[in-house]
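Structure file entry-v7.cif (mmCIF, C-alpha atoms) follows.
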data_work
#
loop_
_atom_site.label_atom_id
_atom_site.label_comp_id
_atom_site.auth_asym_id
_atom_site.auth_seq_id
_atom_site.Cartn_x
_atom_site.Cartn_y
_atom_site.Cartn_z
CA MET A 112 12.93 -36.72 -1.40
CA GLU A 113 15.65 -35.44 -3.71
CA TYR A 114 13.13 -34.45 -6.42
CA LEU A 115 11.21 -32.00 -4.23
CA TYR A 116 12.90 -28.76 -5.28
CA LEU A 117 12.69 -29.76 -8.95
CA LEU A 118 9.01 -30.64 -8.60
CA LEU A 119 8.28 -27.28 -6.97
CA ASN A 120 9.89 -25.49 -9.92
CA LEU A 121 8.06 -27.55 -12.51
CA SER A 122 4.71 -27.31 -10.75
CA SER A 123 5.10 -23.51 -10.54
CA ILE A 124 5.64 -23.05 -14.27
CA SER A 125 3.53 -25.88 -15.72
CA ILE A 126 0.06 -24.29 -15.69
CA PRO A 127 1.28 -20.77 -16.64
CA LEU A 128 3.28 -22.29 -19.51
CA ILE A 129 0.27 -24.14 -20.91
CA ALA A 130 -2.07 -21.19 -20.31
CA SER A 131 0.32 -18.90 -22.19
CA PHE A 132 -1.35 -20.11 -25.40
CA HIS A 133 -4.86 -19.13 -24.30
CA PRO A 134 -6.45 -17.14 -27.18
CA ARG A 135 -7.26 -14.19 -24.95
CA LEU A 136 -3.96 -14.03 -23.10
CA GLN A 137 -1.48 -15.02 -25.85
CA PHE A 138 1.30 -14.59 -23.37
CA TYR A 139 3.66 -16.55 -25.60
CA LYS A 140 3.95 -13.44 -27.77
CA LYS A 141 5.95 -11.84 -24.96
CA TRP A 142 8.40 -14.73 -24.71
CA LYS A 143 11.28 -13.04 -26.51
CA SER A 144 11.10 -10.01 -24.21
CA LEU A 145 10.35 -12.15 -21.18
CA PHE A 146 13.31 -14.49 -21.50
CA ALA A 147 15.63 -11.59 -22.30
CA ALA A 148 14.43 -9.94 -19.08
CA ILE A 149 14.87 -13.14 -17.10
CA ALA A 150 18.40 -13.60 -18.46
CA LEU A 151 19.49 -10.07 -17.52
CA THR A 152 17.80 -10.10 -14.13
CA SER A 153 19.35 -13.45 -13.32
CA ILE A 154 22.86 -12.02 -13.74
CA PHE A 155 22.26 -9.86 -10.67
CA PHE A 156 20.20 -12.27 -8.59
CA VAL A 157 22.28 -15.38 -9.32
CA THR A 158 25.50 -13.51 -8.48
CA TRP A 159 23.87 -12.42 -5.23
CA ASP A 160 22.78 -16.02 -4.63
CA ILE A 161 26.25 -17.45 -5.26
CA LEU A 162 27.92 -14.98 -2.89
CA PHE A 163 25.37 -15.48 -0.10
CA THR A 164 25.71 -19.24 -0.42
CA GLU A 165 29.50 -19.01 -0.21
CA TRP A 166 29.23 -16.72 2.82
CA GLY A 167 26.84 -19.05 4.63
CA ILE A 168 23.97 -16.57 4.70
CA TRP A 169 21.73 -19.26 3.23
CA GLY A 170 22.19 -22.73 1.81
CA PHE A 171 20.46 -25.81 0.44
CA ASN A 172 19.52 -29.13 2.00
CA SER A 173 21.03 -31.92 -0.10
CA ARG A 174 18.14 -34.14 0.94
CA TYR A 175 15.80 -32.22 -1.37
CA TYR A 176 17.76 -31.63 -4.58
CA LEU A 177 19.34 -33.95 -7.14
CA GLY A 178 22.91 -33.17 -6.13
CA TYR A 179 24.15 -31.47 -9.28
CA LYS A 180 25.61 -27.99 -8.88
CA ILE A 181 26.76 -25.16 -11.12
CA VAL A 182 29.05 -22.55 -9.49
CA GLY A 183 28.03 -23.81 -6.08
CA LEU A 184 24.27 -23.65 -6.68
CA PRO A 185 21.98 -26.66 -7.22
CA ILE A 186 20.60 -26.79 -10.76
CA GLU A 187 17.17 -26.46 -9.17
CA GLU A 188 18.18 -23.06 -7.82
CA TRP A 189 19.14 -21.94 -11.34
CA LEU A 190 15.74 -23.16 -12.55
CA PHE A 191 14.11 -21.16 -9.75
CA PHE A 192 15.10 -17.90 -11.48
CA ILE A 193 13.31 -19.02 -14.63
CA CYS A 194 10.25 -20.84 -13.30
CA ILE A 195 9.19 -18.49 -10.50
CA PRO A 196 9.54 -15.21 -12.46
CA TYR A 197 7.72 -16.79 -15.41
CA ALA A 198 4.82 -17.91 -13.23
CA CYS A 199 4.57 -14.58 -11.38
CA ILE A 200 4.85 -12.40 -14.50
CA PHE A 201 2.23 -14.55 -16.24
CA MET A 202 -0.06 -14.04 -13.26
CA HIS A 203 0.56 -10.28 -13.34
CA TYR A 204 -0.40 -9.85 -16.98
CA SER A 205 -3.24 -12.34 -16.79
CA LEU A 206 -4.87 -10.46 -13.93
CA LEU A 207 -4.54 -7.18 -15.81
CA GLU A 208 -6.05 -8.75 -18.94
CA LEU A 209 -8.87 -10.68 -17.29
CA PHE A 210 -9.84 -8.00 -14.78
CA PRO A 211 -9.02 -4.64 -16.42
CA LYS A 212 -11.47 -2.76 -14.21
CA LEU A 213 -9.90 -3.91 -10.97
CA LYS A 214 -8.13 -0.91 -9.48
CA TYR A 215 -7.70 1.00 -6.27
CA PRO A 216 -7.57 4.73 -5.41
CA ASP A 217 -4.42 6.76 -6.00
CA ALA A 218 -4.52 7.83 -2.36
CA LEU A 219 -4.23 4.21 -1.26
CA PHE A 220 -1.35 3.69 -3.70
CA LYS A 221 0.51 6.61 -2.12
CA ILE A 222 -0.04 5.16 1.34
CA PHE A 223 1.25 1.77 0.17
CA LYS A 224 4.43 3.00 -1.51
CA TYR A 225 5.42 5.57 1.12
CA SER A 226 4.68 3.16 3.95
CA ILE A 227 6.75 0.41 2.32
CA VAL A 228 9.74 2.68 1.65
CA THR A 229 9.60 4.22 5.13
CA LEU A 230 9.42 0.82 6.79
CA LEU A 231 12.31 -0.50 4.71
CA ILE A 232 14.47 2.52 5.60
CA ILE A 233 13.73 2.04 9.30
CA MET A 234 14.61 -1.67 9.06
CA CYS A 235 17.89 -0.83 7.30
CA ILE A 236 18.83 1.52 10.12
CA LEU A 237 17.87 -0.91 12.87
CA PHE A 238 19.43 -3.97 11.22
CA HIS A 239 22.36 -2.44 9.36
CA ASP A 240 24.58 -5.35 10.42
CA ARG A 241 22.39 -8.04 8.75
CA TRP A 242 23.54 -8.73 5.20
CA TYR A 243 20.34 -10.27 3.83
CA THR A 244 18.19 -7.53 5.34
CA MET A 245 20.43 -4.67 4.21
CA ILE A 246 21.11 -5.66 0.60
CA ASN A 247 17.56 -6.86 0.07
CA PHE A 248 15.89 -3.76 1.50
CA ILE A 249 18.30 -1.21 -0.04
CA TYR A 250 17.71 -2.69 -3.48
CA ALA A 251 13.95 -2.61 -2.88
CA ILE A 252 14.06 1.06 -1.85
CA LEU A 253 16.07 2.05 -4.92
CA LEU A 254 13.84 0.02 -7.22
CA ILE A 255 10.58 1.42 -5.85
CA VAL A 256 11.84 5.01 -6.06
CA LEU A 257 13.10 4.48 -9.62
CA VAL A 258 9.92 2.81 -10.90
CA ASN A 259 7.76 5.40 -9.17
CA GLU A 260 9.62 8.10 -11.08
CA VAL A 261 9.58 6.53 -14.54
CA LYS A 262 6.58 4.17 -14.48
CA PRO A 263 4.25 5.00 -11.58
CA LEU A 264 1.27 3.24 -13.19
CA LEU A 265 3.33 0.06 -13.56
CA LEU A 266 4.24 0.21 -9.88
CA LYS A 267 0.63 0.85 -8.89
CA ARG A 268 -0.61 -2.14 -10.87
CA PHE A 269 2.20 -4.37 -9.67
CA ILE A 270 1.57 -3.68 -5.99
CA PHE A 271 -2.02 -4.82 -6.56
CA THR A 272 -1.11 -8.01 -8.45
CA PHE A 273 1.76 -8.81 -6.08
CA ILE A 274 -0.63 -8.92 -3.15
CA LEU A 275 -2.52 -11.65 -5.01
CA MET A 276 0.76 -13.39 -5.87
CA LEU A 277 1.38 -13.82 -2.16
CA ILE A 278 -1.15 -16.67 -2.12
CA PRO A 279 0.96 -19.07 -4.25
CA PHE A 280 4.10 -17.49 -2.78
CA PHE A 281 3.23 -18.64 0.73
CA ILE A 282 2.61 -22.17 -0.56
CA ILE A 283 5.79 -22.59 -2.63
CA ASN A 284 8.11 -20.60 -0.41
CA GLY A 285 6.52 -22.13 2.66
CA ILE A 286 7.55 -25.59 1.47
CA LEU A 287 11.03 -24.35 0.54
CA THR A 288 11.53 -22.97 4.05
CA GLY A 289 10.22 -26.06 5.85
CA SER A 290 6.43 -25.90 6.02
CA TRP A 291 4.71 -29.30 5.84
CA ILE A 292 8.00 -31.18 5.40
CA GLU A 293 10.54 -32.54 7.88
CA GLU A 294 13.40 -30.15 7.09
CA GLN A 295 14.03 -26.94 5.15
CA VAL A 296 14.87 -27.11 1.45
CA VAL A 297 16.54 -23.71 1.79
CA TRP A 298 18.02 -22.84 5.18
CA TYR A 299 18.88 -19.34 6.46
CA ASN A 300 21.45 -18.03 8.89
CA ASP A 301 19.21 -15.95 11.16
CA LEU A 302 22.20 -13.88 12.28
CA GLU A 303 22.03 -12.25 8.83
CA ASN A 304 18.32 -11.40 8.81
CA ILE A 305 15.76 -9.85 11.14
CA GLY A 306 14.81 -13.24 12.53
CA VAL A 307 11.07 -12.70 12.07
CA ARG A 308 9.20 -15.35 10.09
CA LEU A 309 5.70 -15.65 8.74
CA GLY A 310 5.16 -19.31 9.35
CA THR A 311 8.55 -20.62 8.21
CA ILE A 312 9.24 -17.80 5.72
CA PRO A 313 11.71 -15.01 6.64
CA VAL A 314 10.01 -11.64 6.08
CA GLU A 315 12.93 -10.66 3.85
CA ASP A 316 11.78 -13.27 1.33
CA ILE A 317 8.63 -11.27 0.60
CA ILE A 318 10.69 -8.21 -0.37
CA TYR A 319 13.09 -10.43 -2.30
CA ALA A 320 10.19 -11.85 -4.32
CA PHE A 321 8.81 -8.34 -4.86
CA THR A 322 12.07 -7.03 -6.32
CA LEU A 323 12.80 -10.19 -8.33
CA VAL A 324 9.46 -10.07 -10.14
CA LEU A 325 9.32 -6.29 -10.49
CA SER A 326 12.85 -6.19 -11.96
CA ASN A 327 11.79 -8.69 -14.60
CA ILE A 328 8.60 -6.79 -15.44
CA ILE A 329 10.47 -3.50 -15.86
CA LEU A 330 12.88 -5.06 -18.35
CA LEU A 331 10.10 -6.94 -20.15
CA GLU A 332 8.14 -3.69 -20.57
CA TYR A 333 11.28 -2.00 -21.89
CA PHE A 334 11.91 -4.71 -24.47
CA GLU A 335 8.26 -4.79 -25.50
CA ARG A 336 8.25 -1.02 -25.99
CA ASN A 337 11.37 -1.21 -28.15
CA LYS A 338 9.80 -3.97 -30.22
CA GLU A 339 6.69 -1.85 -30.79
CA ASN A 340 8.79 1.15 -31.78
CA LYS A 341 10.76 -0.88 -34.33
CA THR A 342 7.52 -2.26 -35.76
CA SER A 343 6.02 1.21 -36.11
CA GLU A 344 9.18 2.46 -37.85
CA ILE A 345 8.96 -0.35 -40.39
CA LEU A 346 5.28 0.42 -41.05
#

Can you turn what I pasted into structure tokens?
Amino acid sequence: MEYLYLLLNLSSISIPLIASFHPRLQFYKKWKSLFAAIALTSIFFVTWDILFTEWGIWGFNSRYYLGYKIVGLPIEEWLFFICIPYACIFMHYSLLELFPKLKYPDALFKIFKYSIVTLLIIMCILFHDRWYTMINFIYAILLIVLVNEVKPLLLKRFIFTFILMLIPFFIINGILTGSWIEEQVVWYNDLENIGVRLGTIPVEDIIYAFTLVLSNIILLEYFERNKENKTSEIL
């Protein structure tokens, strides 16, 4: 089914795109900042993707995409870096808007962030020869430390919403990695990762999704803050 990867992208973004015009959410007002963030974040993640594809660390099953490529990546993979961040960021802000009183204790936040960073450091030491594990986890460590320093409340809120994002994540990424279908849409060289999977999903993919979405949110928040500052100066 050569349309599968395309359908997964479109199904991921379709409802969030329509719901962006909901009177309470009005997420479309963030589009300028959002797409600027997606464009900048994609420079890093797409470059990473191109290199890892060339090196055989992961690849794509031609059975499940249309067959058109740009710089070695299926066009569906390029769309992935638009559709998935959009859907996840929409979910993040929607949850904060619809459930503003949902929160958890600061003590639990500290446990979460220190446990995550400690575990990632340990994994980097143990699996220093695995490219996907090392680059993925090192970037996550640096990102968490940075955001914790400059925007701790953002990190606290994101950890909460990301846990809820894992529900659609396991569905979409599960299909991409071979759940409920005959073969994998995206295959992985297990010599370059820990080799542990949750269902069919490499555990590294969870951290990859975490950093991909968080990177976009950081930039979006930055652009939105600049926009507000310019508006206040004019007024």

From the set A:Tyr114, A:Phe138, A:Phe171, A:Tyr250, which residue has the shortest atom-to-atom contact distance to Glu208 (chain A), counting only C-alpha atoms?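 Of all the options, A:Phe138 lies closest to Glu208 (chain A).
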
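Minimum atom-to-atom distances from A:Asn247, A:Trp298, A:Leu257, A:Asn284 to Leu323 (chain A) were compared using only C-alpha atoms, and the lowest value belongs to A:Asn247.
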
Looking at A:Ser226, A:Thr322, A:Asn327, A:Asn300, which one is nearest to Phe248 (chain A), with distances taken over all atoms listed in the file? A:Thr322

If you measure from CA of Asp301 (chain A) to CA of Asp316 (chain A), what distance in Å do you get, rounded to one decimal?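 Taking CA of Asp301 (chain A) and CA of Asp316 (chain A), their separation equals 12.6 Å.
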
Which one of A:Ala130, A:Ile305, A:Leu265, A:Leu145 sits closest to Asp240 (chain A) if you count all atoms listed in the file?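 Closest residue, counting all atoms listed in the file: A:Ile305.
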
Incomplete region 326-337 of chain A brought to all heavy atoms, written out as a compact mmCIF listing (two decimals), keeping the file's coordinate frame:
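The resulting file, out.txt, is shown below:
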# COMPACT_ATOMS: atom_id res chain seq x y z
N SER A 326 11.69 -6.42 -11.09
CA SER A 326 12.85 -6.19 -11.96
C SER A 326 12.62 -6.81 -13.33
O SER A 326 12.94 -6.22 -14.37
CB SER A 326 14.11 -6.79 -11.32
OG SER A 326 14.42 -6.16 -10.10
N ASN A 327 12.07 -8.01 -13.34
CA ASN A 327 11.79 -8.69 -14.60
C ASN A 327 10.72 -7.96 -15.41
O ASN A 327 10.84 -7.81 -16.63
CB ASN A 327 11.33 -10.12 -14.32
CG ASN A 327 12.48 -11.09 -14.17
OD1 ASN A 327 13.10 -11.49 -15.14
ND2 ASN A 327 12.77 -11.46 -12.94
N ILE A 328 9.69 -7.48 -14.74
CA ILE A 328 8.60 -6.79 -15.44
C ILE A 328 9.08 -5.48 -16.06
O ILE A 328 8.71 -5.13 -17.18
CB ILE A 328 7.41 -6.54 -14.50
CG1 ILE A 328 6.74 -7.88 -14.15
CG2 ILE A 328 6.39 -5.60 -15.12
CD1 ILE A 328 5.62 -7.78 -13.14
N ILE A 329 9.93 -4.76 -15.34
CA ILE A 329 10.47 -3.50 -15.86
C ILE A 329 11.23 -3.74 -17.16
O ILE A 329 11.03 -3.05 -18.17
CB ILE A 329 11.41 -2.84 -14.83
CG1 ILE A 329 10.63 -2.38 -13.61
CG2 ILE A 329 12.14 -1.64 -15.46
CD1 ILE A 329 11.52 -2.03 -12.44
N LEU A 330 12.10 -4.75 -17.16
CA LEU A 330 12.88 -5.06 -18.35
C LEU A 330 11.99 -5.59 -19.48
O LEU A 330 12.17 -5.23 -20.64
CB LEU A 330 13.96 -6.09 -18.02
CG LEU A 330 15.12 -5.57 -17.15
CD1 LEU A 330 16.04 -6.71 -16.76
CD2 LEU A 330 15.90 -4.50 -17.91
N LEU A 331 11.02 -6.42 -19.14
CA LEU A 331 10.10 -6.94 -20.15
C LEU A 331 9.36 -5.79 -20.83
O LEU A 331 9.23 -5.76 -22.06
CB LEU A 331 9.11 -7.91 -19.50
CG LEU A 331 8.17 -8.69 -20.42
CD1 LEU A 331 7.70 -9.98 -19.77
CD2 LEU A 331 6.92 -7.87 -20.79
N GLU A 332 8.86 -4.85 -20.02
CA GLU A 332 8.14 -3.69 -20.57
C GLU A 332 9.07 -2.87 -21.49
O GLU A 332 8.64 -2.37 -22.53
CB GLU A 332 7.63 -2.81 -19.43
CG GLU A 332 6.52 -3.44 -18.60
CD GLU A 332 5.15 -3.25 -19.22
OE1 GLU A 332 4.99 -2.30 -20.00
OE2 GLU A 332 4.24 -4.05 -18.92
N TYR A 333 10.32 -2.75 -21.08
CA TYR A 333 11.28 -2.00 -21.89
C TYR A 333 11.50 -2.67 -23.24
O TYR A 333 11.47 -2.01 -24.29
CB TYR A 333 12.61 -1.90 -21.13
CG TYR A 333 13.74 -1.30 -21.94
CD1 TYR A 333 13.82 0.07 -22.16
CD2 TYR A 333 14.73 -2.12 -22.49
CE1 TYR A 333 14.85 0.62 -22.90
CE2 TYR A 333 15.76 -1.58 -23.24
CZ TYR A 333 15.82 -0.21 -23.44
OH TYR A 333 16.84 0.33 -24.20
N PHE A 334 11.69 -3.98 -23.23
CA PHE A 334 11.91 -4.71 -24.47
C PHE A 334 10.66 -4.71 -25.35
O PHE A 334 10.77 -4.61 -26.58
CB PHE A 334 12.34 -6.15 -24.17
CG PHE A 334 13.70 -6.26 -23.54
CD1 PHE A 334 13.92 -7.08 -22.45
CD2 PHE A 334 14.77 -5.53 -24.04
CE1 PHE A 334 15.17 -7.19 -21.87
CE2 PHE A 334 16.03 -5.62 -23.48
CZ PHE A 334 16.24 -6.46 -22.38
N GLU A 335 9.50 -4.81 -24.74
CA GLU A 335 8.26 -4.79 -25.50
C GLU A 335 8.05 -3.43 -26.16
O GLU A 335 7.60 -3.34 -27.30
CB GLU A 335 7.07 -5.11 -24.58
CG GLU A 335 6.93 -6.58 -24.24
CD GLU A 335 6.51 -7.42 -25.42
OE1 GLU A 335 5.35 -7.31 -25.86
OE2 GLU A 335 7.37 -8.18 -25.93
N ARG A 336 8.39 -2.37 -25.44
CA ARG A 336 8.25 -1.02 -25.99
C ARG A 336 9.20 -0.82 -27.17
O ARG A 336 8.82 -0.23 -28.19
CB ARG A 336 8.51 0.02 -24.90
CG ARG A 336 8.20 1.46 -25.35
CD ARG A 336 8.20 2.41 -24.17
NE ARG A 336 9.49 2.47 -23.52
CZ ARG A 336 9.76 1.94 -22.33
NH1 ARG A 336 8.82 1.27 -21.67
NH2 ARG A 336 10.97 2.05 -21.77
N ASN A 337 10.41 -1.31 -27.04
CA ASN A 337 11.37 -1.21 -28.15
C ASN A 337 10.89 -1.99 -29.37
O ASN A 337 11.06 -1.55 -30.51
CB ASN A 337 12.74 -1.74 -27.71
CG ASN A 337 13.51 -0.71 -26.92
OD1 ASN A 337 13.08 0.44 -26.78
ND2 ASN A 337 14.65 -1.11 -26.39
